[in-house]
$ cat final22.tsv   # TSV, C-alpha atoms
chain	number	residue	atom	x	y	z
A	1	MET	CA	127.02	172.44	121.71
A	2	LEU	CA	128.51	175.21	123.81
A	3	ASP	CA	130.07	178.15	121.94
A	4	PHE	CA	132.61	179.18	124.56
A	5	ARG	CA	133.58	182.42	122.80
A	6	LYS	CA	129.95	183.45	122.55
A	7	GLU	CA	129.42	182.83	126.27
A	8	LEU	CA	132.62	184.66	127.21
A	9	ALA	CA	131.65	187.55	124.94
A	10	LYS	CA	128.62	188.21	127.15
A	11	ILE	CA	130.97	189.47	129.87
A	12	ALA	CA	134.23	190.27	128.04
A	13	PRO	CA	134.16	193.21	125.56
A	14	ASN	CA	137.40	192.14	123.86
A	15	ALA	CA	136.00	188.66	123.21
A	16	ARG	CA	132.89	190.27	121.77
A	17	LYS	CA	135.13	192.18	119.35
A	18	GLY	CA	136.88	189.00	118.27
A	19	GLY	CA	140.06	189.48	120.29
A	20	PRO	CA	142.24	186.46	121.09
A	21	ILE	CA	141.68	184.46	124.28
A	22	TYR	CA	144.66	183.47	126.42
A	23	VAL	CA	144.91	181.24	129.47
A	24	PHE	CA	147.41	182.31	132.13
A	25	GLY	CA	148.80	179.20	133.80
A	26	THR	CA	149.68	175.68	132.71
A	27	GLY	CA	149.10	173.76	135.90
A	28	ARG	CA	146.72	171.09	137.15
A	29	TYR	CA	143.73	173.38	137.34
A	30	TRP	CA	143.63	173.74	133.58
A	31	GLU	CA	143.76	169.98	133.14
A	32	GLN	CA	140.78	169.65	135.46
A	33	ILE	CA	138.68	172.41	133.94
A	34	ARG	CA	139.30	171.31	130.35
A	35	ARG	CA	138.25	167.80	131.27
A	36	ASN	CA	135.06	169.08	132.90
A	37	TYR	CA	134.19	171.08	129.79
A	38	LYS	CA	134.86	168.09	127.56
A	39	LEU	CA	132.77	165.84	129.76
A	40	ILE	CA	129.75	168.09	130.07
A	41	THR	CA	129.72	170.05	126.82
A	42	GLY	CA	131.73	167.89	124.44
A	43	ILE	CA	134.04	170.73	123.39
A	44	ASN	CA	137.82	171.13	123.55
A	45	LEU	CA	138.53	174.48	125.20
A	46	GLU	CA	141.84	174.70	123.33
A	47	ASP	CA	139.85	175.21	120.13
A	48	PHE	CA	138.89	178.67	121.43
A	49	ILE	CA	142.30	179.65	122.81
A	50	GLU	CA	145.08	181.53	121.06
A	51	ALA	CA	147.85	180.43	123.44
A	52	PHE	CA	148.78	179.76	127.03
A	53	VAL	CA	150.72	182.25	129.14
A	54	ASP	CA	153.32	181.44	131.79
A	55	ASN	CA	156.01	183.36	133.68
A	56	ASP	CA	158.31	180.32	133.62
A	57	GLN	CA	160.83	181.01	130.87
A	58	GLN	CA	161.59	177.31	130.54
A	59	LYS	CA	157.98	176.70	129.51
A	60	GLN	CA	157.79	179.59	127.07
A	61	ASN	CA	157.91	178.66	123.37
A	62	THR	CA	156.95	175.06	124.21
A	63	MET	CA	153.56	173.45	123.53
A	64	PHE	CA	150.75	172.70	125.98
A	65	TYR	CA	147.65	170.83	124.80
A	66	GLY	CA	148.51	171.72	121.23
A	67	LYS	CA	148.92	175.46	121.89
A	68	LYS	CA	152.05	177.55	122.27
A	69	ILE	CA	153.09	178.89	125.67
A	70	VAL	CA	154.02	182.57	125.40
A	71	SER	CA	155.49	185.23	127.65
A	72	PRO	CA	153.14	187.77	129.31
A	73	GLN	CA	155.02	190.49	127.43
A	74	GLU	CA	153.52	189.23	124.18
A	75	LEU	CA	149.97	190.10	125.23
A	76	ASP	CA	148.00	193.16	124.15
A	77	PRO	CA	145.54	194.21	126.90
A	78	ASN	CA	143.62	196.43	124.50
A	79	HIS	CA	142.50	193.56	122.28
A	80	SER	CA	142.79	190.26	124.18
A	81	VAL	CA	141.11	188.40	127.04
A	82	VAL	CA	143.03	186.50	129.72
A	83	LEU	CA	141.57	183.66	131.78
A	84	VAL	CA	143.57	182.95	134.92
A	85	SER	CA	144.05	179.21	135.39
A	86	ALA	CA	144.74	178.49	139.06
A	87	PHE	CA	142.99	176.67	141.90
A	88	THR	CA	142.55	179.96	143.72
A	89	LYS	CA	142.59	183.53	142.58
A	90	ASP	CA	146.33	184.30	142.42
A	91	LEU	CA	146.87	187.86	143.72
A	92	ALA	CA	150.35	188.01	142.24
A	93	ILE	CA	148.96	187.24	138.78
A	94	GLU	CA	146.14	189.70	139.37
A	95	ARG	CA	148.61	192.47	140.19
A	96	GLN	CA	150.79	191.54	137.23
A	97	LEU	CA	147.86	191.66	134.82
A	98	HIS	CA	146.61	194.92	136.32
A	99	GLU	CA	150.02	196.52	135.82
A	100	MET	CA	149.90	195.36	132.20
A	101	GLY	CA	146.56	197.10	131.68
A	102	TYR	CA	144.14	194.22	132.25
A	103	TYR	CA	141.14	194.57	134.57
A	104	TYR	CA	139.18	191.79	136.24
A	105	GLU	CA	135.64	191.23	134.98
A	106	SER	CA	136.48	193.21	131.83
A	107	SER	CA	139.57	191.92	130.04
A	108	CYS	CA	140.72	189.23	132.47
A	109	PHE	CA	138.79	186.81	134.65
A	110	SER	CA	139.31	184.74	137.76
A	111	PRO	CA	139.28	180.93	137.75
A	112	GLY	CA	135.75	180.92	139.10
A	113	GLN	CA	134.46	182.47	135.88
A	114	LEU	CA	135.37	179.30	134.00
A	115	ASP	CA	133.20	177.36	136.43
A	116	GLN	CA	130.36	179.88	136.13
A	117	ILE	CA	130.24	179.61	132.34
A	118	LEU	CA	130.16	175.84	132.65
A	119	LYS	CA	127.40	175.91	135.27
A	120	GLY	CA	125.44	178.34	133.15
A	121	TYR	CA	125.56	175.88	130.29
A	122	LEU	CA	124.48	173.07	132.60
A	123	SER	CA	121.53	175.14	133.84
A	124	GLY	CA	120.48	175.97	130.31
A	125	GLN	CA	120.57	172.34	129.25
A	126	ILE	CA	118.45	171.06	132.12
A	127	LEU	CA	116.00	173.98	131.95
A	128	GLN	CA	114.15	172.23	129.13
A	129	PHE	CA	112.62	169.84	131.67
A	130	ARG	CA	110.99	172.57	133.72
A	131	ASP	CA	107.19	171.91	133.76
A	132	LYS	CA	107.58	169.41	130.91
A	133	HIS	CA	104.91	167.23	132.54
A	134	LYS	CA	102.81	169.93	134.13
A	135	GLY	CA	99.64	168.51	135.68
A	136	GLU	CA	100.55	164.87	134.95
A	137	SER	CA	101.19	161.93	137.27
A	138	CYS	CA	104.33	159.85	137.76
A	139	PHE	CA	105.87	157.12	139.86
A	140	VAL	CA	109.13	157.49	141.80
A	141	ILE	CA	110.63	154.03	142.15
A	142	GLY	CA	112.67	153.06	145.16
A	143	ASN	CA	114.89	149.98	145.31
A	144	GLY	CA	113.54	148.52	148.54
A	145	PRO	CA	112.83	144.81	149.15
A	146	SER	CA	109.10	145.21	148.52
A	147	LEU	CA	109.65	146.21	144.89
A	148	ARG	CA	108.11	143.59	142.59
A	149	ALA	CA	108.84	143.03	138.93
A	150	GLU	CA	105.14	142.37	138.28
A	151	ASP	CA	104.25	145.77	139.79
A	152	LEU	CA	106.73	147.47	137.48
A	153	THR	CA	105.21	145.67	134.51
A	154	LYS	CA	101.92	147.38	135.36
A	155	LEU	CA	103.71	150.73	134.97
A	156	LYS	CA	104.70	150.23	131.31
A	157	SER	CA	102.32	152.99	130.22
A	158	GLU	CA	103.14	155.27	133.17
A	159	ILE	CA	105.90	157.85	133.57
A	160	ALA	CA	108.43	156.62	136.11
A	161	ILE	CA	111.66	157.91	137.63
A	162	ALA	CA	114.03	155.16	138.79
A	163	SER	CA	117.55	155.23	140.14
A	164	ASN	CA	120.90	153.65	140.94
A	165	LYS	CA	120.82	149.82	140.49
A	166	ILE	CA	117.25	149.51	139.22
A	167	TYR	CA	118.73	147.75	136.18
A	168	LEU	CA	119.22	144.63	138.31
A	169	ILE	CA	115.49	143.95	137.93
A	170	PHE	CA	115.42	144.42	134.15
A	171	ASP	CA	115.81	140.69	133.49
A	172	LYS	CA	112.49	140.04	135.24
A	173	THR	CA	110.35	142.62	133.44
A	174	ASP	CA	110.19	144.42	130.11
A	175	TRP	CA	109.28	147.63	131.96
A	176	ARG	CA	111.84	150.40	131.67
A	177	PRO	CA	111.92	153.80	133.41
A	178	THR	CA	111.14	157.05	131.62
A	179	TYR	CA	113.87	158.83	133.56
A	180	TYR	CA	116.87	157.41	135.37
A	181	GLN	CA	118.90	159.07	138.11
A	182	VAL	CA	122.19	158.08	139.74
A	183	THR	CA	123.67	159.70	142.84
A	184	ASP	CA	125.71	156.83	144.25
A	185	PHE	CA	129.44	157.11	143.59
A	186	LEU	CA	130.19	153.39	143.79
A	187	THR	CA	127.27	152.43	141.58
A	188	PHE	CA	128.46	154.90	139.01
A	189	ALA	CA	132.12	153.89	139.27
A	190	ASN	CA	131.49	150.15	138.92
A	191	HIS	CA	128.66	150.15	136.41
A	192	LYS	CA	129.23	153.11	134.07
A	193	GLU	CA	128.87	150.98	130.95
A	194	ILE	CA	125.51	149.56	132.06
A	195	ILE	CA	124.25	153.00	133.04
A	196	ASN	CA	125.21	154.45	129.68
A	197	LYS	CA	123.17	151.75	127.92
A	198	ILE	CA	119.95	152.47	129.80
A	199	ASN	CA	117.68	153.74	127.07
A	200	CYS	CA	116.06	156.77	128.66
A	201	THR	CA	116.88	160.30	129.76
A	202	LYS	CA	119.44	160.17	132.55
A	203	PHE	CA	120.17	162.61	135.37
A	204	ILE	CA	123.62	162.11	136.88
A	205	LEU	CA	125.02	163.76	139.98
A	206	LEU	CA	127.78	165.96	138.61
A	207	ASP	CA	130.26	164.99	141.31
A	208	CYS	CA	129.93	161.32	140.31
A	209	ALA	CA	130.91	162.06	136.73
A	210	LEU	CA	133.73	164.51	137.45
A	211	TYR	CA	135.36	162.19	139.95
A	212	TYR	CA	136.35	159.53	137.43
A	213	ASP	CA	138.95	160.22	134.76
A	214	ASP	CA	137.84	157.45	132.41
A	215	TYR	CA	134.17	158.40	132.18
A	216	SER	CA	133.02	158.87	128.59
A	217	PRO	CA	129.33	159.74	128.72
A	218	ASP	CA	126.51	159.65	126.23
A	219	ILE	CA	126.16	163.43	126.14
A	220	ASP	CA	122.97	163.40	124.06
A	221	ASN	CA	121.07	161.46	126.70
A	222	THR	CA	122.70	162.64	129.94
A	223	PHE	CA	122.02	165.72	132.03
A	224	TYR	CA	123.93	166.75	135.11
A	225	PHE	CA	122.78	168.22	138.39
A	226	SER	CA	124.59	169.42	141.48
A	227	SER	CA	123.61	168.68	145.05
A	228	ASN	CA	123.56	171.25	147.83
A	229	THR	CA	125.25	169.34	150.67
A	230	CYS	CA	125.64	172.21	153.11
A	231	PHE	CA	122.73	171.02	155.26
A	232	LEU	CA	123.75	167.40	155.67
A	233	HIS	CA	126.04	167.76	158.66
A	234	ARG	CA	124.09	170.30	160.63
A	235	PRO	CA	123.12	169.25	164.17
A	236	TYR	CA	119.72	167.77	164.87
A	237	PRO	CA	116.99	168.84	164.24
A	238	TYR	CA	118.11	168.76	160.63
A	239	LYS	CA	117.29	171.41	158.09
A	240	THR	CA	117.42	170.83	154.37
A	241	LEU	CA	116.64	172.38	151.03
A	242	PHE	CA	113.95	171.40	148.55
A	243	SER	CA	115.18	172.99	145.37
A	244	SER	CA	113.05	174.85	142.86
A	245	GLU	CA	115.75	174.35	140.21
A	246	LEU	CA	116.77	171.11	138.53
A	247	ASP	CA	120.46	171.96	138.23
A	248	VAL	CA	121.01	172.14	142.01
A	249	LEU	CA	118.95	169.73	144.09
A	250	GLY	CA	118.70	169.64	147.85
A	251	HIS	CA	120.80	166.92	149.43
A	252	GLY	CA	119.25	163.72	150.72
A	253	ASN	CA	118.96	160.17	149.49
A	254	VAL	CA	118.27	159.44	145.82
A	255	THR	CA	114.50	159.31	146.40
A	256	TYR	CA	114.57	162.84	147.77
A	257	CYS	CA	116.45	163.96	144.65
A	258	SER	CA	113.91	162.15	142.45
A	259	LEU	CA	111.04	163.91	144.22
A	260	GLN	CA	112.62	167.26	143.39
A	261	VAL	CA	113.05	166.21	139.77
A	262	ALA	CA	109.38	165.20	139.64
A	263	VAL	CA	108.19	168.44	141.21
A	264	ASN	CA	110.29	170.57	138.89
A	265	MET	CA	108.95	168.71	135.89
A	266	GLY	CA	105.48	169.79	136.96
A	267	PHE	CA	103.94	166.49	138.04
A	268	HIS	CA	100.80	167.03	140.09
A	269	ASN	CA	100.43	163.51	141.52
A	270	ILE	CA	103.58	161.62	142.56
A	271	TYR	CA	103.40	158.00	143.72
A	272	LEU	CA	106.25	156.36	145.64
A	273	LEU	CA	106.79	152.65	145.11
A	274	GLY	CA	109.44	150.48	146.76
A	275	VAL	CA	110.38	153.16	149.31
A	276	GLU	CA	110.31	151.42	152.70
A	277	ASN	CA	112.36	153.89	154.73
A	278	ASN	CA	113.41	150.90	156.87
A	279	TYR	CA	117.04	149.85	156.97
A	280	PRO	CA	119.04	146.84	158.22
A	281	LYS	CA	121.73	149.11	159.67
A	282	SER	CA	121.12	152.70	160.69
A	283	ILE	CA	122.34	155.38	163.03
A	284	THR	CA	120.15	157.84	164.91
A	285	HIS	CA	120.84	161.53	165.33
A	286	ASP	CA	122.31	160.88	168.80
A	287	GLY	CA	124.70	158.19	167.53
A	288	GLU	CA	122.80	155.02	168.44
A	289	ILE	CA	123.38	152.10	166.03
A	290	VAL	CA	120.20	150.18	165.19
A	291	LEU	CA	120.44	146.73	163.60
A	292	ARG	CA	117.43	144.93	162.11
A	293	ASN	CA	117.11	141.57	160.40
A	294	LEU	CA	115.90	143.02	157.12
A	295	ASP	CA	116.71	142.85	153.44
A	296	SER	CA	118.12	146.13	152.17
A	297	HIS	CA	116.98	145.98	148.53
A	298	PHE	CA	114.89	144.02	146.05
A	299	CYS	CA	117.73	141.60	145.26
A	300	SER	CA	120.29	139.97	147.55
A	301	ASP	CA	123.35	141.02	145.51
A	302	TYR	CA	122.40	144.70	145.26
A	303	ASP	CA	125.31	145.73	147.51
A	304	ALA	CA	127.84	143.39	145.91
A	305	GLY	CA	131.21	145.07	145.39
A	306	ARG	CA	130.86	147.53	148.24
A	307	PRO	CA	133.81	147.59	150.67
A	308	HIS	CA	131.46	148.07	153.63
A	309	ILE	CA	127.82	147.75	154.59
A	310	SER	CA	125.90	150.97	154.07
A	311	VAL	CA	124.69	152.75	157.17
A	312	SER	CA	121.56	154.86	156.79
A	313	HIS	CA	120.54	157.97	158.71
A	314	PRO	CA	116.73	157.68	159.02
A	315	ASP	CA	116.37	160.80	161.18
A	316	TYR	CA	117.91	162.88	158.43
A	317	ILE	CA	116.02	161.08	155.66
A	318	ASN	CA	112.72	161.64	157.50
A	319	ALA	CA	113.60	165.31	157.86
A	320	THR	CA	114.06	165.60	154.09
A	321	TYR	CA	110.74	163.86	153.43
A	322	GLU	CA	109.00	166.26	155.81
A	323	VAL	CA	110.43	169.17	153.84
A	324	ALA	CA	109.26	167.57	150.57
A	325	ARG	CA	105.74	167.10	151.94
A	326	LYS	CA	105.51	170.69	153.18
A	327	TYR	CA	106.74	171.97	149.81
A	328	ALA	CA	104.21	169.81	148.00
A	329	ASP	CA	101.34	170.90	150.27
A	330	ALA	CA	102.23	174.56	149.74
A	331	HIS	CA	102.22	174.15	145.95
A	332	GLY	CA	99.13	171.98	145.45
A	333	ILE	CA	101.12	168.80	144.74
A	334	LYS	CA	100.13	165.39	146.10
A	335	ILE	CA	102.79	162.85	147.06
A	336	TYR	CA	101.38	159.41	147.85
A	337	ASN	CA	103.14	156.39	149.29
A	338	ALA	CA	102.05	153.34	147.25
A	339	THR	CA	104.79	151.13	148.72
A	340	ARG	CA	103.78	147.72	150.03
A	341	GLY	CA	104.57	147.92	153.74
A	342	GLY	CA	107.61	149.72	155.05
A	343	LYS	CA	108.01	152.51	157.61
A	344	LEU	CA	107.44	155.62	155.52
A	345	GLU	CA	104.48	157.45	157.06
A	346	VAL	CA	105.30	161.04	156.11
A	347	PHE	CA	103.19	160.82	152.95
A	348	GLU	CA	99.58	159.73	152.60
A	349	ARG	CA	99.27	156.00	152.01
A	350	ILE	CA	97.50	154.62	148.96
A	351	ASP	CA	96.96	151.03	147.86
A	352	PHE	CA	99.03	150.40	144.74
A	353	ASP	CA	96.53	147.84	143.39
A	354	THR	CA	93.69	150.38	143.45
A	355	LEU	CA	95.52	152.61	140.97
A	356	PHE	CA	94.85	150.31	138.04
$ encode --input "final22.tsv" --output "structure tokens"
Amino acid sequence: MLDFRKELAKIAPNARKGGPIYVFGTGRYWEQIRRNYKLITGINLEDFIEAFVDNDQQKQNTMFYGKKIVSPQELDPNHSVVLVSAFTKDLAIERQLHEMGYYYESSCFSPGQLDQILKGYLSGQILQFRDKHKGESCFVIGNGPSLRAEDLTKLKSEIAIASNKIYLIFDKTDWRPTYYQVTDFLTFANHKEIINKINCTKFILLDCALYYDDYSPDIDNTFYFSSNTCFLHRPYPYKTLFSSELDVLGHGNVTYCSLQVAVNMGFHNIYLLGVENNYPKSITHDGEIVLRNLDSHFCSDYDAGRPHISVSHPDYINATYEVARKYADAHGIKIYNATRGGKLEVFERIDFDTLF
């Protein structure tokens, strides 16, 4: 469990000396950040805080999350640490604290520092998976229409990474994934209880979890990763990132994220199964809509509950797969496509039945 004071003490001398920690501001940002800490680390930040600080005299001497709200005049800059709680760095508060004898990055800290401590904890948690399976083989399971329950049953003794609504096939096989990943907001929103019951290590897109106020995760079995989305909307030809770190994965579809997880875990041979790369409704990079009479997933009710039919962007998805292949080639990793049929030709094809 995160020791917030210990982490803050790495950058704040007064915290290292045992000085009290104050939070300046009692607005919505604090409610958001405390929830994020509770969600990801399981701690209540108020347990580490002496009091809240606010310039509003009507708030002073009242309670906020079980702690007293005090006037700035009650603070001692020589012995305390102040965390500014605001959506953006408030220059007026910065000047006020400076005039009181506080200095940023020493005895007081901007709102971003709260996020950095949290992300540092996230990185440390997920670091344990780095090269955990160095030199081994695994399967990355897609949810395409070619996926067969009997094929999954053959993988009972293999390491497999599955995702999103793979649990819809569980009633047809006693196979279960070794690792599970969810990146789809609607899947997460509508099926949190099912996801929490999946008995394996889970990787959840951080934005999915933080978006929903009522999410109560199984912390012991859940690890969070961020997605670098800055490349998604760039003009064609697309560029993307294949991350060397598990805590921030390059943006793409869930299979692309799973490939990065597999590579970072050290797998030498990675086999794709159920990844057709062929979609019933898609849009090209120049805006053309392409409709095909195809099934989208391995079961007909996979998209039940969605307010609209998903539209895929195959040009972008192919660009991400090209980046994954080049990364793999440069690092001595083999990615094979063991899918039955489909349109994915970026990776070398291999007959699934010959693997057993």
$ residues_around --input "final22.tsv" --residues "Ile350 (chain A)" --least-positions-apart "6" --cutoff "12 Å" --atoms "only C-alpha atoms" --output "NGL selection string"
:A and (269-273 or 334-341 or 344)
$ residues_around --input "final22.tsv" --residues "Ala324 (chain A)" --least-positions-apart "5" --cutoff "9 Å" --atoms "all atoms listed in the file" --output "list in words"
Leu241, Phe242, Tyr256, Leu259, Gln260, Ala319, Asp329 and Ile335 of chain A
$ atom_distance --input "final22.tsv" --atom1 "CA of Phe129 (chain A)" --atom2 "CA of Leu210 (chain A)"
22.5 Å
$ residues_around --input "final22.tsv" --residues "Asp56 (chain A)" --least-positions-apart "2" --cutoff "12 Å" --atoms "only C-alpha atoms" --output "list in words"
Phe24, Gly25, Thr26, Gly27, Phe52, Val53, Asp54, Gln58, Lys59, Gln60, Asn61, Thr62, Ile69, Val70, Ser71 and Pro72 of chain A
$ closest_residue --input "final22.tsv" --among "A:Tyr103, A:Thr222, A:Val82, A:Lys202" --to "Gly42 (chain A)" --atoms "all atoms listed in the file"
A:Thr222
$ residues_around --input "final22.tsv" --residues "Arg16 (chain A)" --least-positions-apart "2" --cutoff "12 Å" --atoms "only C-alpha atoms" --output "ChimeraX atom specification"
/A:4-14,18-21,79-81,106-107
$ write_last_selection --input "final22.tsv" --atoms "C-alpha atoms" --output "tab-separated table (two decimals), in the frame of the given file"
chain	number	residue	atom	x	y	z
A	4	PHE	CA	132.61	179.18	124.56
A	5	ARG	CA	133.58	182.42	122.80
A	6	LYS	CA	129.95	183.45	122.55
A	7	GLU	CA	129.42	182.83	126.27
A	8	LEU	CA	132.62	184.66	127.21
A	9	ALA	CA	131.65	187.55	124.94
A	10	LYS	CA	128.62	188.21	127.15
A	11	ILE	CA	130.97	189.47	129.87
A	12	ALA	CA	134.23	190.27	128.04
A	13	PRO	CA	134.16	193.21	125.56
A	14	ASN	CA	137.40	192.14	123.86
A	18	GLY	CA	136.88	189.00	118.27
A	19	GLY	CA	140.06	189.48	120.29
A	20	PRO	CA	142.24	186.46	121.09
A	21	ILE	CA	141.68	184.46	124.28
A	79	HIS	CA	142.50	193.56	122.28
A	80	SER	CA	142.79	190.26	124.18
A	81	VAL	CA	141.11	188.40	127.04
A	106	SER	CA	136.48	193.21	131.83
A	107	SER	CA	139.57	191.92	130.04
